[in-house]
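Contents: one structure, followed by commentary.
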Amino acid sequence: MLLDKYDARLKTPFATLGIIASETHLLHVHFLPMDVIAKTPRTNTVAHLASVQLMAYLDNPAFAFDLPLKLVGSKHQVDVWQAMRKITAGETQTYGELSADIDSSPRAVGTACGQNPVPIVVPCHRVVAANGLGGFMGGKQSDSLSIKRWLLAHESTRKKASLF
């Protein structure tokens with residue numbers, strides 16, 4: 001794992017978050033193993049701002065992110081990511097509900113969710129299956145659903161009882 005590519009690494013209760021930013025935009029947030037060492041970002045950078053705001057979210061799940069994002073993807077992916085940003089903390093939306101909002105299909109929405117470059121900031125964890133939790137992070141990590149459960153519980157999602 002090339003840890004030097006991260007402008008910051010932030011310890012959280014569920015993972016170490018690897019943050020990649022340009023001088024002007026947040027580009028990526030990656031879930032790294034818990035044993036990865038934290039890295040303080042340079043001050044007055046987008047990585048620093050992202051770290052501060054992610055920590056604010058950990059303190060207050062209703063915190064509203066205000067970060068400059070560079071969401072690079074297909075038109076469909078960007079449409080899905082923009083729609084996810086409208087789901088408020090403590091709420092969830094099913095893949096089907098979100099797909100109806102943007103004239104897509106649930107499977108295509110799920111695929112776009114799995115390609116989200118800035119999870120938590122663009123809250124893909126708030127998109128769930130009609131009959132349960134659904135997936136998370138495109139299944140890229142063995143503990144991905146435990147992270148989704150933690151984030152939803154942190155936000156005290158109203159639908160949480162039916163998801164766990």
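In the structure tokens, chains take letters A, B, ... by order of appearance, with residues numbered from 1 within each chain and ligands from 1 in the order shown.
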Would you mind listing, for every residue of stretch 73-151 of chain A within 8 Å of stretch 30-49 of chain A, the two atoms forming the shortest contact and the distance between them in Å to one decimal, using only C-alpha atoms, sorted by chain and ascending residue number, as a tab-separated table?
```
residue	atom	partner	partner_atom	distance
A:Pro117	CA	A:His30	CA	7.8
A:Val118	CA	A:His30	CA	7.5
A:Pro119	CA	A:His30	CA	7.7
```
Item to check | alpha helix (DSSP H) residues, from DSSP on the backbone, in chain A, as number ranges by chain | outcome: A: 46-59, 75-84, 95-102, 106-114, 144-154, 160-163
For stretch 125-136 of chain A, work out the shell of residues within 7 Å, counting only C-alpha atoms and skipping chain neighbours fewer than 6 positions away, then give it as a CSV table (one decimal) with N, CA and C atoms, in the first residue's frame.
```
chain,number,residue,atom,x,y,z
A,91,GLU,N,-31.3,10.0,7.6
A,91,GLU,CA,-32.3,9.5,6.6
A,91,GLU,C,-31.6,8.5,5.7
A,92,THR,N,-32.4,7.7,5.1
A,92,THR,CA,-31.9,6.8,4.1
A,92,THR,C,-32.8,6.8,2.9
A,93,GLN,N,-32.3,6.3,1.8
A,93,GLN,CA,-33.1,6.2,0.6
A,93,GLN,C,-32.7,4.9,-0.1
A,94,THR,N,-33.6,4.2,-0.6
A,94,THR,CA,-33.3,2.9,-1.3
A,94,THR,C,-32.7,3.2,-2.6
A,95,TYR,N,-32.0,2.2,-3.1
A,95,TYR,CA,-31.5,2.3,-4.5
A,95,TYR,C,-32.6,2.5,-5.5
A,114,GLY,N,-20.9,2.4,-5.5
A,114,GLY,CA,-19.6,1.7,-5.2
A,114,GLY,C,-18.4,2.4,-5.8
A,144,SER,N,-16.6,-4.0,4.9
A,144,SER,CA,-17.3,-2.8,4.4
A,144,SER,C,-18.6,-2.6,5.0
A,145,LEU,N,-19.4,-3.7,5.2
A,145,LEU,CA,-20.7,-3.5,5.8
A,145,LEU,C,-20.7,-3.1,7.2
A,148,LYS,N,-20.5,0.6,7.1
A,148,LYS,CA,-21.8,1.2,6.8
A,148,LYS,C,-22.7,1.1,8.0
A,162,SER,N,-34.7,-1.8,10.9
A,162,SER,CA,-35.0,-2.8,9.9
A,162,SER,C,-33.7,-3.2,9.1
A,163,LEU,N,-32.6,-2.5,9.3
A,163,LEU,CA,-31.4,-2.7,8.5
A,163,LEU,C,-30.4,-3.6,9.2
```
Checklist entry - Between A:Lys86, A:Gly18, A:Gln53, A:Asp59, which is the closest to A:Leu2 once you count only C-alpha atoms? => result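 Comparing A:Lys86, A:Gly18, A:Gln53, A:Asp59 against A:Leu2, the winner is A:Gly18.
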Checklist entry - Could you pull out the strand (DSSP E) residues of chain A from DSSP and send them as a VMD selection string? => result chain A and resid 8 to 11 16 to 21 26 to 32 93 to 94 127 to 128
Restricting it to C-alpha atoms, dump the selection as a compact mmCIF listing (two decimals), in the first residue's frame.
```txt
# COMPACT_ATOMS: atom_id res chain seq x y z
CA ALA A 8 -3.76 13.19 5.31
CA ARG A 9 -4.65 10.02 7.21
CA LEU A 10 -7.32 10.41 9.86
CA LYS A 11 -8.01 7.86 12.60
CA THR A 16 -8.19 5.18 9.03
CA LEU A 17 -9.39 7.61 6.36
CA GLY A 18 -6.90 8.33 3.60
CA ILE A 19 -7.48 11.79 2.12
CA ILE A 20 -6.25 12.90 -1.28
CA ALA A 21 -6.71 16.51 -2.33
CA LEU A 26 -11.06 17.12 -2.32
CA LEU A 27 -10.47 14.21 -4.70
CA HIS A 28 -10.66 10.95 -2.71
CA VAL A 29 -11.43 9.52 0.69
CA HIS A 30 -10.29 5.91 1.14
CA PHE A 31 -11.04 3.51 3.99
CA LEU A 32 -7.67 2.16 5.14
CA GLN A 93 -33.08 6.23 0.58
CA THR A 94 -33.32 2.93 -1.26
CA VAL A 127 -28.42 4.41 0.21
CA VAL A 128 -29.82 1.03 1.22
```
Next on the checklist: Give me the residues near A:His154 as a ChimeraX atom specification, where near means some atom within 9 Å (using only C-alpha atoms) and where sequence neighbours in that chain fewer than 5 positions away do not count.
Outcome noted: /A:58,60-61,90,149
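For the set A:Gly96, A:Ala89, A:Tyr6, A:Cys124, the residue with the smallest atom-to-atom gap to A:Ile147 is A:Cys124, counting only C-alpha atoms.
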Checklist entry - Between A:Ser104, A:Asp143, A:Val121, A:Glu23, which has the minimum distance to A:Leu54 (counting only C-alpha atoms)? => result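 For A:Leu54, the nearest of the given residues is A:Val121.
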Checklist entry - From the set A:Val80, A:Ala62, A:Ala108, A:Leu71, which residue has the shortest atom-to-atom contact distance to A:Leu152, counting only C-alpha atoms? => result A:Ala62
